[in-house]
Every structure is written in C-alpha cells, then in structure tokens.
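Chemist: Dropping in input12.cif, with mmCIF, C-alpha atoms.
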```cif
data_upload
#
loop_
_atom_site.group_PDB
_atom_site.id
_atom_site.type_symbol
_atom_site.label_atom_id
_atom_site.label_comp_id
_atom_site.auth_asym_id
_atom_site.auth_seq_id
_atom_site.Cartn_x
_atom_site.Cartn_y
_atom_site.Cartn_z
ATOM 1 C CA MET O 1 -36.226 -18.831 -13.085
ATOM 2 C CA LYS O 2 -35.377 -17.749 -16.596
ATOM 3 C CA ARG O 3 -35.165 -13.988 -17.019
ATOM 4 C CA LYS O 4 -35.482 -11.740 -20.024
ATOM 5 C CA LEU O 5 -32.269 -9.805 -19.452
ATOM 6 C CA ILE O 6 -29.128 -10.033 -17.352
ATOM 7 C CA ILE O 7 -26.721 -7.098 -17.085
ATOM 8 C CA VAL O 8 -23.186 -7.878 -15.955
ATOM 9 C CA GLY O 9 -21.502 -4.828 -14.439
ATOM 10 C CA SER O 10 -22.559 -1.874 -12.322
ATOM 11 C CA GLY O 11 -20.643 1.165 -13.545
ATOM 12 C CA PRO O 12 -22.283 3.989 -15.530
ATOM 13 C CA ALA O 13 -22.832 1.677 -18.533
ATOM 14 C CA GLY O 14 -24.371 -1.194 -16.607
ATOM 15 C CA LEU O 15 -26.607 0.926 -14.380
ATOM 16 C CA THR O 16 -27.809 3.121 -17.252
ATOM 17 C CA ALA O 17 -28.697 -0.056 -19.142
ATOM 18 C CA ALA O 18 -30.510 -1.248 -16.021
ATOM 19 C CA ILE O 19 -32.518 1.986 -15.766
ATOM 20 C CA TYR O 20 -33.629 1.803 -19.410
ATOM 21 C CA ALA O 21 -34.363 -1.923 -19.276
ATOM 22 C CA ALA O 22 -36.302 -1.644 -16.029
ATOM 23 C CA ARG O 23 -38.409 1.211 -17.371
ATOM 24 C CA ALA O 24 -39.154 -1.003 -20.399
ATOM 25 C CA ASP O 25 -40.597 -3.550 -17.966
ATOM 26 C CA LEU O 26 -37.848 -6.096 -18.625
ATOM 27 C CA ASN O 27 -37.152 -6.595 -14.904
ATOM 28 C CA PRO O 28 -33.390 -6.941 -15.480
ATOM 29 C CA LEU O 29 -31.072 -8.780 -13.134
ATOM 30 C CA VAL O 30 -27.885 -6.805 -12.533
ATOM 31 C CA ILE O 31 -24.873 -8.883 -11.513
ATOM 32 C CA ALA O 32 -23.096 -5.933 -9.936
ATOM 33 C CA GLY O 33 -19.980 -7.621 -8.644
ATOM 34 C CA VAL O 34 -18.747 -7.851 -5.077
ATOM 35 C CA THR O 35 -17.120 -4.453 -5.590
ATOM 36 C CA TRP O 36 -19.761 -2.475 -7.446
ATOM 37 C CA GLY O 37 -19.926 0.958 -9.073
ATOM 38 C CA GLY O 38 -16.924 0.951 -11.388
ATOM 39 C CA GLN O 39 -14.052 3.431 -11.443
ATOM 40 C CA LEU O 40 -16.155 6.360 -10.237
ATOM 41 C CA MET O 41 -16.236 4.778 -6.790
ATOM 42 C CA ASN O 42 -12.566 5.782 -6.508
ATOM 43 C CA THR O 43 -12.988 9.406 -7.575
ATOM 44 C CA THR O 44 -13.807 12.502 -5.599
ATOM 45 C CA GLU O 45 -15.448 15.322 -7.526
ATOM 46 C CA VAL O 46 -17.079 14.648 -10.896
ATOM 47 C CA GLU O 47 -17.646 17.981 -12.623
ATOM 48 C CA ASN O 48 -18.262 16.911 -16.229
ATOM 49 C CA PHE O 49 -21.358 14.738 -15.857
ATOM 50 C CA PRO O 50 -24.336 16.745 -17.171
ATOM 51 C CA GLY O 51 -26.938 17.936 -14.706
ATOM 52 C CA PHE O 52 -24.740 18.559 -11.668
ATOM 53 C CA ILE O 53 -23.899 22.261 -11.669
ATOM 54 C CA GLU O 54 -21.657 22.118 -8.617
ATOM 55 C CA GLY O 55 -20.317 18.660 -9.429
ATOM 56 C CA ILE O 56 -20.991 15.437 -7.530
ATOM 57 C CA LYS O 57 -18.791 12.920 -5.774
ATOM 58 C CA GLY O 58 -18.222 9.754 -7.795
ATOM 59 C CA PRO O 59 -19.650 7.353 -5.179
ATOM 60 C CA ASP O 60 -22.731 9.572 -4.781
ATOM 61 C CA LEU O 61 -23.341 9.562 -8.544
ATOM 62 C CA MET O 62 -23.116 5.768 -8.679
ATOM 63 C CA SER O 63 -25.333 5.365 -5.618
ATOM 64 C CA ASN O 64 -27.947 7.579 -7.283
ATOM 65 C CA MET O 65 -27.815 5.461 -10.454
ATOM 66 C CA LEU O 66 -28.145 2.271 -8.432
ATOM 67 C CA GLU O 67 -31.174 3.515 -6.505
ATOM 68 C CA GLN O 68 -32.763 4.815 -9.709
ATOM 69 C CA ALA O 69 -32.388 1.390 -11.345
ATOM 70 C CA LYS O 70 -33.867 -0.312 -8.271
ATOM 71 C CA ARG O 71 -36.760 2.161 -8.217
ATOM 72 C CA PHE O 72 -37.880 1.008 -11.662
ATOM 73 C CA GLY O 73 -37.604 -2.670 -10.819
ATOM 74 C CA ALA O 74 -34.036 -3.785 -11.493
ATOM 75 C CA GLU O 75 -32.830 -6.558 -9.193
ATOM 76 C CA ILE O 76 -29.247 -6.127 -7.963
ATOM 77 C CA ILE O 77 -27.070 -8.976 -6.744
ATOM 78 C CA TYR O 78 -23.510 -8.513 -5.503
ATOM 79 C CA GLU O 79 -21.758 -11.474 -7.080
ATOM 80 C CA ASN O 80 -18.901 -11.788 -9.573
ATOM 81 C CA ALA O 81 -19.614 -13.322 -12.975
ATOM 82 C CA THR O 82 -17.309 -16.226 -13.838
ATOM 83 C CA GLN O 83 -18.668 -17.468 -17.168
ATOM 84 C CA VAL O 84 -21.179 -16.782 -19.947
ATOM 85 C CA ILE O 85 -22.560 -19.836 -21.742
ATOM 86 C CA ASP O 86 -24.502 -19.811 -25.004
ATOM 87 C CA LYS O 87 -27.335 -22.368 -24.940
ATOM 88 C CA GLY O 88 -28.844 -21.222 -28.218
ATOM 89 C CA ASP O 89 -32.282 -20.118 -27.111
ATOM 90 C CA SER O 90 -30.911 -18.799 -23.827
ATOM 91 C CA LYS O 91 -27.742 -17.632 -22.115
ATOM 92 C CA VAL O 92 -26.407 -18.723 -18.747
ATOM 93 C CA VAL O 93 -24.292 -16.438 -16.586
ATOM 94 C CA LYS O 94 -22.413 -18.270 -13.868
ATOM 95 C CA THR O 95 -21.105 -16.688 -10.677
ATOM 96 C CA TYR O 96 -19.122 -18.292 -7.872
ATOM 97 C CA GLU O 97 -22.390 -18.862 -6.038
ATOM 98 C CA ASN O 98 -25.126 -19.433 -8.629
ATOM 99 C CA GLU O 99 -26.215 -19.805 -12.256
ATOM 100 C CA TYR O 100 -28.657 -17.390 -13.897
ATOM 101 C CA GLU O 101 -30.456 -17.971 -17.205
ATOM 102 C CA SER O 102 -31.828 -15.288 -19.530
ATOM 103 C CA ASP O 103 -32.824 -14.585 -23.102
ATOM 104 C CA ALA O 104 -30.316 -11.729 -23.494
ATOM 105 C CA VAL O 105 -27.206 -10.418 -21.744
ATOM 106 C CA ILE O 106 -25.512 -7.019 -21.626
ATOM 107 C CA LEU O 107 -21.820 -7.092 -20.734
ATOM 108 C CA ALA O 108 -20.712 -3.881 -19.028
ATOM 109 C CA THR O 109 -17.794 -5.003 -16.884
ATOM 110 C CA GLY O 110 -15.548 -2.038 -17.707
ATOM 111 C CA ALA O 111 -11.770 -1.785 -17.608
ATOM 112 C CA THR O 112 -9.365 -1.148 -14.781
ATOM 113 C CA PRO O 113 -6.445 1.258 -15.128
ATOM 114 C CA ARG O 114 -2.973 -0.213 -14.934
ATOM 115 C CA LEU O 115 -1.259 0.885 -11.757
ATOM 116 C CA LEU O 116 2.378 1.280 -10.808
ATOM 117 C CA ASN O 117 2.035 -0.681 -7.557
ATOM 118 C CA VAL O 118 4.336 1.655 -5.652
ATOM 119 C CA PRO O 119 4.010 2.983 -2.086
ATOM 120 C CA GLY O 120 1.538 5.851 -1.811
ATOM 121 C CA GLU O 121 -0.292 5.149 -5.062
ATOM 122 C CA THR O 122 -3.356 3.556 -3.496
ATOM 123 C CA LYS O 123 -3.346 5.949 -0.546
ATOM 124 C CA PHE O 124 -3.556 9.015 -2.785
ATOM 125 C CA TYR O 125 -5.755 7.575 -5.549
ATOM 126 C CA GLY O 126 -8.404 10.248 -6.053
ATOM 127 C CA ARG O 127 -6.398 12.695 -3.933
ATOM 128 C CA GLY O 128 -3.709 13.658 -6.382
ATOM 129 C CA VAL O 129 -3.275 10.377 -8.260
ATOM 130 C CA SER O 130 -5.529 10.152 -11.309
ATOM 131 C CA THR O 131 -5.956 7.889 -14.320
ATOM 132 C CA CYS O 132 -8.043 10.352 -16.347
ATOM 133 C CA ALA O 133 -6.555 13.669 -17.460
ATOM 134 C CA THR O 134 -9.730 14.619 -19.314
ATOM 135 C CA CYS O 135 -11.721 14.167 -16.115
ATOM 136 C CA ASP O 136 -9.410 15.863 -13.635
ATOM 137 C CA ALA O 137 -7.205 18.360 -15.484
ATOM 138 C CA ALA O 138 -9.344 21.349 -14.473
ATOM 139 C CA PHE O 139 -8.501 20.705 -10.802
ATOM 140 C CA TYR O 140 -4.858 21.561 -11.521
ATOM 141 C CA LYS O 141 -4.992 25.124 -12.806
ATOM 142 C CA GLU O 142 -1.731 26.954 -12.136
ATOM 143 C CA LYS O 143 -0.245 23.814 -10.574
ATOM 144 C CA THR O 144 2.573 21.355 -11.285
ATOM 145 C CA VAL O 145 1.750 17.814 -12.389
ATOM 146 C CA ALA O 146 3.475 14.696 -13.683
ATOM 147 C CA VAL O 147 2.336 12.238 -16.336
ATOM 148 C CA ILE O 148 3.675 8.681 -16.175
ATOM 149 C CA GLY O 149 3.951 6.772 -19.449
ATOM 150 C CA GLY O 150 5.454 6.724 -22.915
ATOM 151 C CA GLY O 151 2.655 5.941 -25.349
ATOM 152 C CA ASP O 152 0.156 8.052 -27.250
ATOM 153 C CA SER O 153 -2.075 8.371 -24.191
ATOM 154 C CA ALA O 154 0.780 9.815 -22.142
ATOM 155 C CA MET O 155 1.652 12.307 -24.885
ATOM 156 C CA GLU O 156 -1.963 13.316 -25.296
ATOM 157 C CA ASP O 157 -2.515 13.662 -21.551
ATOM 158 C CA ALA O 158 0.631 15.724 -21.049
ATOM 159 C CA THR O 159 -0.249 18.056 -23.906
ATOM 160 C CA PHE O 160 -3.836 18.417 -22.682
ATOM 161 C CA LEU O 161 -2.718 19.182 -19.142
ATOM 162 C CA THR O 162 -0.637 22.147 -20.326
ATOM 163 C CA ARG O 163 -3.910 23.989 -20.884
ATOM 164 C CA PHE O 164 -4.315 24.088 -17.114
ATOM 165 C CA ALA O 165 -1.046 23.352 -15.306
ATOM 166 C CA THR O 166 1.932 25.675 -15.328
ATOM 167 C CA LYS O 167 4.387 22.758 -15.489
ATOM 168 C CA VAL O 168 4.047 19.158 -16.694
ATOM 169 C CA TYR O 169 6.706 16.519 -16.098
ATOM 170 C CA LEU O 170 6.554 13.618 -18.548
ATOM 171 C CA VAL O 171 8.110 10.627 -16.780
ATOM 172 C CA HIS O 172 9.154 7.615 -18.857
ATOM 173 C CA ARG O 173 11.123 4.561 -17.792
ATOM 174 C CA ARG O 174 12.918 4.204 -21.134
ATOM 175 C CA ASP O 175 15.145 6.488 -23.224
ATOM 176 C CA GLU O 176 12.725 6.628 -26.144
ATOM 177 C CA PHE O 177 8.969 6.770 -26.547
ATOM 178 C CA ARG O 178 6.714 4.183 -28.174
ATOM 179 C CA ALA O 179 4.151 6.852 -29.111
ATOM 180 C CA SER O 180 3.480 7.950 -32.691
ATOM 181 C CA PRO O 181 5.907 10.547 -34.108
ATOM 182 C CA ILE O 182 3.320 13.325 -34.358
ATOM 183 C CA MET O 183 2.285 12.917 -30.711
ATOM 184 C CA ILE O 184 5.930 12.882 -29.590
ATOM 185 C CA HIS O 185 6.628 16.022 -31.634
ATOM 186 C CA ARG O 186 3.747 17.907 -30.022
ATOM 187 C CA ALA O 187 4.847 16.993 -26.519
ATOM 188 C CA LEU O 188 8.560 17.643 -26.979
ATOM 189 C CA ASN O 189 7.896 21.031 -28.529
ATOM 190 C CA ASN O 190 5.590 22.220 -25.772
ATOM 191 C CA PRO O 191 7.499 24.621 -23.492
ATOM 192 C CA LYS O 192 5.449 23.585 -20.449
ATOM 193 C CA ILE O 193 6.507 19.932 -20.728
ATOM 194 C CA GLU O 194 9.774 18.626 -19.287
ATOM 195 C CA VAL O 195 10.684 15.041 -20.174
ATOM 196 C CA LEU O 196 12.433 12.797 -17.676
ATOM 197 C CA TYR O 197 13.839 9.725 -19.448
ATOM 198 C CA ASN O 198 14.939 6.461 -17.825
ATOM 199 C CA SER O 199 12.929 7.380 -14.756
ATOM 200 C CA GLN O 200 10.932 4.971 -12.625
ATOM 201 C CA VAL O 201 8.491 5.941 -9.917
ATOM 202 C CA GLU O 202 9.652 4.654 -6.533
ATOM 203 C CA SER O 203 7.002 6.154 -4.287
ATOM 204 C CA ILE O 204 4.410 8.887 -3.880
ATOM 205 C CA GLU O 205 4.266 11.002 -0.758
ATOM 206 C CA GLY O 206 2.087 13.642 0.828
ATOM 207 C CA GLU O 207 -0.145 14.348 3.799
ATOM 208 C CA LEU O 208 -3.789 14.895 2.875
ATOM 209 C CA LYS O 209 -2.930 14.885 -0.834
ATOM 210 C CA VAL O 210 0.014 14.320 -3.159
ATOM 211 C CA SER O 211 3.025 16.587 -2.695
ATOM 212 C CA THR O 212 6.094 14.563 -3.753
ATOM 213 C CA LEU O 213 6.981 12.130 -6.524
ATOM 214 C CA ASN O 214 10.125 10.087 -5.860
ATOM 215 C CA LEU O 215 12.001 8.812 -8.905
ATOM 216 C CA LEU O 216 14.930 6.521 -9.674
ATOM 217 C CA ASN O 217 17.026 6.917 -12.820
ATOM 218 C CA ASN O 218 17.485 3.329 -13.995
ATOM 219 C CA LYS O 219 20.682 4.203 -15.886
ATOM 220 C CA THR O 220 22.551 6.226 -13.262
ATOM 221 C CA ASN O 221 20.753 4.992 -10.094
ATOM 222 C CA GLU O 222 20.322 8.623 -9.124
ATOM 223 C CA LYS O 223 17.298 9.353 -6.950
ATOM 224 C CA THR O 224 15.329 12.574 -7.269
ATOM 225 C CA SER O 225 12.182 14.033 -5.740
ATOM 226 C CA LEU O 226 9.737 16.241 -7.597
ATOM 227 C CA LYS O 227 7.321 18.616 -5.905
ATOM 228 C CA VAL O 228 4.030 18.014 -7.699
ATOM 229 C CA ASP O 229 0.362 18.634 -7.016
ATOM 230 C CA GLY O 230 -0.934 15.800 -9.152
ATOM 231 C CA ILE O 231 0.185 12.589 -10.845
ATOM 232 C CA PHE O 232 -1.553 11.174 -13.911
ATOM 233 C CA LEU O 233 -1.048 7.508 -14.794
ATOM 234 C CA ALA O 234 -1.109 6.858 -18.542
ATOM 235 C CA ILE O 235 0.167 3.300 -18.704
ATOM 236 C CA GLY O 236 -2.912 1.608 -20.099
ATOM 237 C CA HIS O 237 -6.086 -0.165 -19.014
ATOM 238 C CA ILE O 238 -7.023 -3.811 -18.499
ATOM 239 C CA PRO O 239 -10.502 -4.747 -19.787
ATOM 240 C CA VAL O 240 -12.433 -7.023 -17.447
ATOM 241 C CA THR O 241 -12.940 -9.927 -19.823
ATOM 242 C CA ASP O 242 -10.995 -12.805 -18.248
ATOM 243 C CA PHE O 243 -14.221 -14.494 -17.179
ATOM 244 C CA LEU O 244 -15.382 -14.779 -20.798
ATOM 245 C CA GLY O 245 -12.693 -17.211 -21.891
ATOM 246 C CA ASN O 246 -13.163 -17.958 -25.602
ATOM 247 C CA THR O 247 -16.940 -17.575 -25.624
ATOM 248 C CA ILE O 248 -16.952 -13.964 -26.927
ATOM 249 C CA GLU O 249 -14.636 -12.611 -29.610
ATOM 250 C CA LEU O 250 -12.087 -10.176 -28.194
ATOM 251 C CA THR O 251 -9.581 -7.758 -29.702
ATOM 252 C CA GLU O 252 -5.837 -8.344 -29.383
ATOM 253 C CA GLU O 253 -5.864 -6.029 -26.360
ATOM 254 C CA GLY O 254 -8.584 -8.058 -24.681
ATOM 255 C CA TYR O 255 -11.536 -5.719 -25.242
ATOM 256 C CA ILE O 256 -14.858 -7.124 -26.403
ATOM 257 C CA LYS O 257 -14.971 -6.906 -30.188
ATOM 258 C CA SER O 258 -17.943 -5.144 -31.759
ATOM 259 C CA SER O 259 -18.503 -3.663 -35.198
ATOM 260 C CA ASP O 260 -21.015 -1.105 -33.935
ATOM 261 C CA GLY O 261 -20.180 -0.737 -30.244
ATOM 262 C CA VAL O 262 -23.226 -2.748 -29.149
ATOM 263 C CA HIS O 263 -23.417 -6.230 -30.709
ATOM 264 C CA THR O 264 -20.929 -8.966 -29.837
ATOM 265 C CA SER O 265 -19.997 -12.184 -31.629
ATOM 266 C CA MET O 266 -22.611 -14.079 -29.597
ATOM 267 C CA GLN O 267 -26.171 -13.484 -30.731
ATOM 268 C CA GLY O 268 -28.281 -12.026 -27.963
ATOM 269 C CA VAL O 269 -25.270 -10.728 -26.035
ATOM 270 C CA PHE O 270 -24.638 -6.988 -26.116
ATOM 271 C CA VAL O 271 -21.801 -4.814 -24.837
ATOM 272 C CA ALA O 272 -21.581 -1.358 -23.286
ATOM 273 C CA GLY O 273 -18.907 0.895 -21.833
ATOM 274 C CA ASP O 274 -15.176 0.673 -21.270
ATOM 275 C CA VAL O 275 -15.022 -3.085 -21.749
ATOM 276 C CA GLU O 276 -15.484 -2.272 -25.458
ATOM 277 C CA ASP O 277 -14.560 1.426 -25.672
ATOM 278 C CA HIS O 278 -10.793 1.858 -25.339
ATOM 279 C CA LYS O 279 -10.819 5.390 -26.777
ATOM 280 C CA TYR O 280 -13.072 7.722 -24.782
ATOM 281 C CA ARG O 281 -13.396 6.067 -21.349
ATOM 282 C CA GLN O 282 -15.764 8.692 -19.937
ATOM 283 C CA ALA O 283 -18.691 8.193 -17.577
ATOM 284 C CA ILE O 284 -21.028 9.978 -19.987
ATOM 285 C CA THR O 285 -19.977 7.907 -23.025
ATOM 286 C CA ALA O 286 -20.314 4.727 -20.962
ATOM 287 C CA ALA O 287 -23.794 5.792 -19.874
ATOM 288 C CA GLY O 288 -24.727 6.487 -23.490
ATOM 289 C CA ALA O 289 -23.443 3.065 -24.488
ATOM 290 C CA GLY O 290 -25.538 1.516 -21.745
ATOM 291 C CA CYS O 291 -28.606 3.229 -23.177
ATOM 292 C CA ARG O 292 -27.858 1.916 -26.678
ATOM 293 C CA ALA O 293 -27.284 -1.624 -25.428
ATOM 294 C CA ALA O 294 -30.548 -1.631 -23.466
ATOM 295 C CA LEU O 295 -32.549 -0.360 -26.439
ATOM 296 C CA ASP O 296 -31.011 -2.924 -28.800
ATOM 297 C CA ALA O 297 -31.516 -5.711 -26.274
ATOM 298 C CA GLN O 298 -35.166 -4.676 -25.979
ATOM 299 C CA LYS O 299 -35.580 -4.899 -29.756
ATOM 300 C CA TRP O 300 -33.880 -8.297 -29.771
ATOM 301 C CA LEU O 301 -36.242 -9.583 -27.102
ATOM 302 C CA GLU O 302 -39.215 -8.317 -29.093
ATOM 303 C CA THR O 303 -38.087 -10.379 -32.095
ATOM 304 C CA LEU O 304 -38.027 -13.463 -29.880
ATOM 305 C CA GLU O 305 -41.583 -12.769 -28.759
ATOM 306 C CA ASP O 306 -42.690 -12.393 -32.380
ATOM 307 C CA LYS O 307 -41.357 -15.889 -33.116
ATOM 308 C CA GLU O 308 -43.385 -17.489 -30.360
#
```
Could you render the structure from this file as structure tokens?
Modeler:
Amino acid sequence: MKRKLIIVGSGPAGLTAAIYAARADLNPLVIAGVTWGGQLMNTTEVENFPGFIEGIKGPDLMSNMLEQAKRFGAEIIYENATQVIDKGDSKVVKTYENEYESDAVILATGATPRLLNVPGETKFYGRGVSTCATCDAAFYKEKTVAVIGGGDSAMEDATFLTRFATKVYLVHRRDEFRASPIMIHRALNNPKIEVLYNSQVESIEGELKVSTLNLLNNKTNEKTSLKVDGIFLAIGHIPVTDFLGNTIELTEEGYIKSSDGVHTSMQGVFVAGDVEDHKYRQAITAAGAGCRAALDAQKWLETLEDKE
C-alpha cells in the first residue's frame, strides 16, 4: 500500500514530525528503528524541555511523544531503514524485513555521540557520563568535572561548565589542541580549567555514579586517577546516514546537506534534527525541526494533489 508520508527515525525530531503529520490527517508511517527514541532514551533528568517544571526523565518524554503520535493516527513499526530509493513519483524505503512506498519521506535518524569505548563508560552513561554539557551542566554545581576532547566543542563545553562546576579538567590525548585559537585562549585563561595534555582515558569507576577517572600519560606512561563527579565527552558525533549511500547529498562530515535545514537533494525527501543539525543538538531544536519538516512535507503533498 502506497502511503502519503514515511518518517524515518523516532527521536524528538521524528516523533514531533509524526504528531504534526498525523494531526494533518496524513496517516504517517514511522520507521522507528529496532532501538527507538533517540539519545534521550539514555538520559536521566531532562530539565530544559519546555512544559515540565520539575523536569522529566528522557525515556518518559520519548514515550509520551510516541503515544501522542499514535493517538493521532501515526503507525509505528520497529524496523531499521536500509535504503531510500527515488522512483520519481514515489519513494521507497527499504528495511531488512520489508519495502514501504510513499509520496514523501522525512529523514530524522539523528546522530550518535562518539564514545571512548573504555571500561565504565557504558555503565555510567547518564549517571555521570554525558555527551551534552548544555543539557547537563546544571547538575554539577559546586562539583568537579572533566571534559574529554581537543576541538572547539571541548573548549566550549569546558568554558561553559565553569559557570557551574568549581573545577574543570580538560583532558586531551595530544600535546596541542586542534580547536580555533580564540576558543583555546578562552579555555587556557580560565582559572577554573586545568589542562591535562597527552592523557588518555583508561577507565571510569564509581558505585552508583561516577567518582573516578583513570588516565594514562601516553608520553611518560604515568597513570593517574582523578576524583570527579562528572565526565563530559566532546569527541564528536556520527550522523546516522550510512543507509543512504549516495542517494542523498551529504556534507563532508556525513550529515544530510540542506540549504534551509528542511529540504534535501532529493525532491520530496525532507530532513529534521541532528542528522542535519551539527551545531545545536538539543531536543527542543530537533522537535522544532520535526515540526518544520512535517509542515513542508504537507505543502509538498498538497502540490501533488493539485497536479492530479
């Protein structure tokens, strides 16, 4: 059965798009993925999403969005997309199990943070290990934290965290940073930031939450342990675009390319969220992008109806 709209992805962008599209009577099919809900499924408290005075747990927020989309008529399937094919008048989204045809597609597959792949990282993810300083900095007032990385994001995160934490370790595996000079200058001249060069994370320890960061100096082989309350990873993100192959134009970093944050290189295919946005990476900006994509997809579908 050919559908009007398929949405690939089930984070804040994809589910917001589903809510808007379902309320517009488009009966969207959401290919949510085997693991659905996006990065918020791995977070604890979300305090910066509007409307939740006391905050809300990430999985609860995503479950609410999912049920809201279903309430208005969105169909959810838990399969992973493997390909998007342009057939001119229609698009085909393949999964490992099936093929689905539609007039329009919204891609909202997000991006996954790069991880260190060291002992303790997965165990304490969301309990002291974070990939979003903007999201979680307020939880570390008067505490000691570490930022891992050497690019602009690491510099920005470390500087931002000094508004809350009493001490910020900036841990970098090399002896010089790749960040821009102005960002390096700000970080190095902040009295709350201590830089640890040539330092690699060996493991993360704790009981209920993070308490210790174990490091190895790759020049001297000296091992040290830092007492920290939180660890922020700032080593980049990986956009989920492998399944697209060469069908959609991507940036050099692998994000979906768009001149306006909504339209892609394939007519009738729209984009929303972190799979395109490599700057803000917030649940609320992803949700807003999902709204925009749904509204533009609706207009696109109306033009098709006018041609009939």
Chemist: On this structure, which residues satisfy the PyMOL selection byres ((chain O and resi 215) around 7), written as an mmCIF file with C-alpha atoms, keeping the file's coordinate frame?
Modeler:
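result-v3.cif, freshly written:
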```cif
data_model
loop_
_atom_site.group_PDB
_atom_site.id
_atom_site.type_symbol
_atom_site.label_atom_id
_atom_site.label_comp_id
_atom_site.auth_asym_id
_atom_site.auth_seq_id
_atom_site.Cartn_x
_atom_site.Cartn_y
_atom_site.Cartn_z
ATOM 1 C CA SER O 199 12.929 7.380 -14.756
ATOM 2 C CA GLN O 200 10.932 4.971 -12.625
ATOM 3 C CA VAL O 201 8.491 5.941 -9.917
ATOM 4 C CA GLU O 202 9.652 4.654 -6.533
ATOM 5 C CA LEU O 213 6.981 12.130 -6.524
ATOM 6 C CA ASN O 214 10.125 10.087 -5.860
ATOM 7 C CA LEU O 216 14.930 6.521 -9.674
ATOM 8 C CA ASN O 217 17.026 6.917 -12.820
ATOM 9 C CA LYS O 223 17.298 9.353 -6.950
ATOM 10 C CA THR O 224 15.329 12.574 -7.269
ATOM 11 C CA SER O 225 12.182 14.033 -5.740
#
```
Chemist: Under the rule that only C-alpha atoms are counted, which of O:Thr131, O:Asn218, O:Gln267, O:Gln282 is the nearest residue to O:Asp296?
Modeler: O:Gln267
Chemist: List the residues selected by the PyMOL selection byres ((chain O and resi 10-24) around 8) in the file shown, writing them as a ChimeraX atom specification.
Modeler: /O:7-9,25-28,30-33,36-40,62,65-66,68-70,72-74,106-110,272-273,283-284,286-295,298
Chemist: Could you check which of O:Val262, O:Leu196, O:Ala187, O:Val147 is closest to O:Asp229, using all atoms listed in the file?
Modeler: O:Val147
Chemist: Mind giving me the straight-line distance from atom CA of O:Phe139 to atom CA of O:Asp60 in Å, one decimal?
Modeler: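 Separation of atom CA of O:Phe139 and atom CA of O:Asp60: 19.0 Å.
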Chemist: So, counting all atoms listed in the file, which residue among O:Val228, O:Val84, O:Val171, O:Met1 is closest to O:Ala158?
Modeler: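 When distances to O:Ala158 are compared using all atoms listed in the file, the smallest one comes from O:Val171.
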Chemist: Which of these residues is nearest to O:Leu29, using all atoms listed in the file: O:Ile193, O:Val129, O:Leu161, O:Ile77?
Modeler: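 Comparing O:Ile193, O:Val129, O:Leu161, O:Ile77 against O:Leu29, the winner is O:Ile77.
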Chemist: I'd like the residues picked by the PyMOL selection byres ((chain O and resi 169) around 6) written out as a ChimeraX atom specification, using the chain letters and numbers from the file.
Modeler: /O:146,168,170,193-195
Chemist: Could you save those same residues with C-alpha atoms as a short mmCIF file (atom, residue, chain, number, x, y, z; two decimals), in the frame of the given file?
Modeler:
```
data_model
loop_
_atom_site.label_atom_id
_atom_site.label_comp_id
_atom_site.auth_asym_id
_atom_site.auth_seq_id
_atom_site.Cartn_x
_atom_site.Cartn_y
_atom_site.Cartn_z
CA ALA O 146 3.48 14.70 -13.68
CA VAL O 168 4.05 19.16 -16.69
CA LEU O 170 6.55 13.62 -18.55
CA ILE O 193 6.51 19.93 -20.73
CA GLU O 194 9.77 18.63 -19.29
CA VAL O 195 10.68 15.04 -20.17
#
```
Chemist: Between O:Ile53, O:Ile184, O:Ile148, O:Ala138, which residue has the minimum interatomic distance to O:Thr162, considering only C-alpha atoms?
Modeler: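 For O:Thr162, the nearest of the given residues is O:Ala138.
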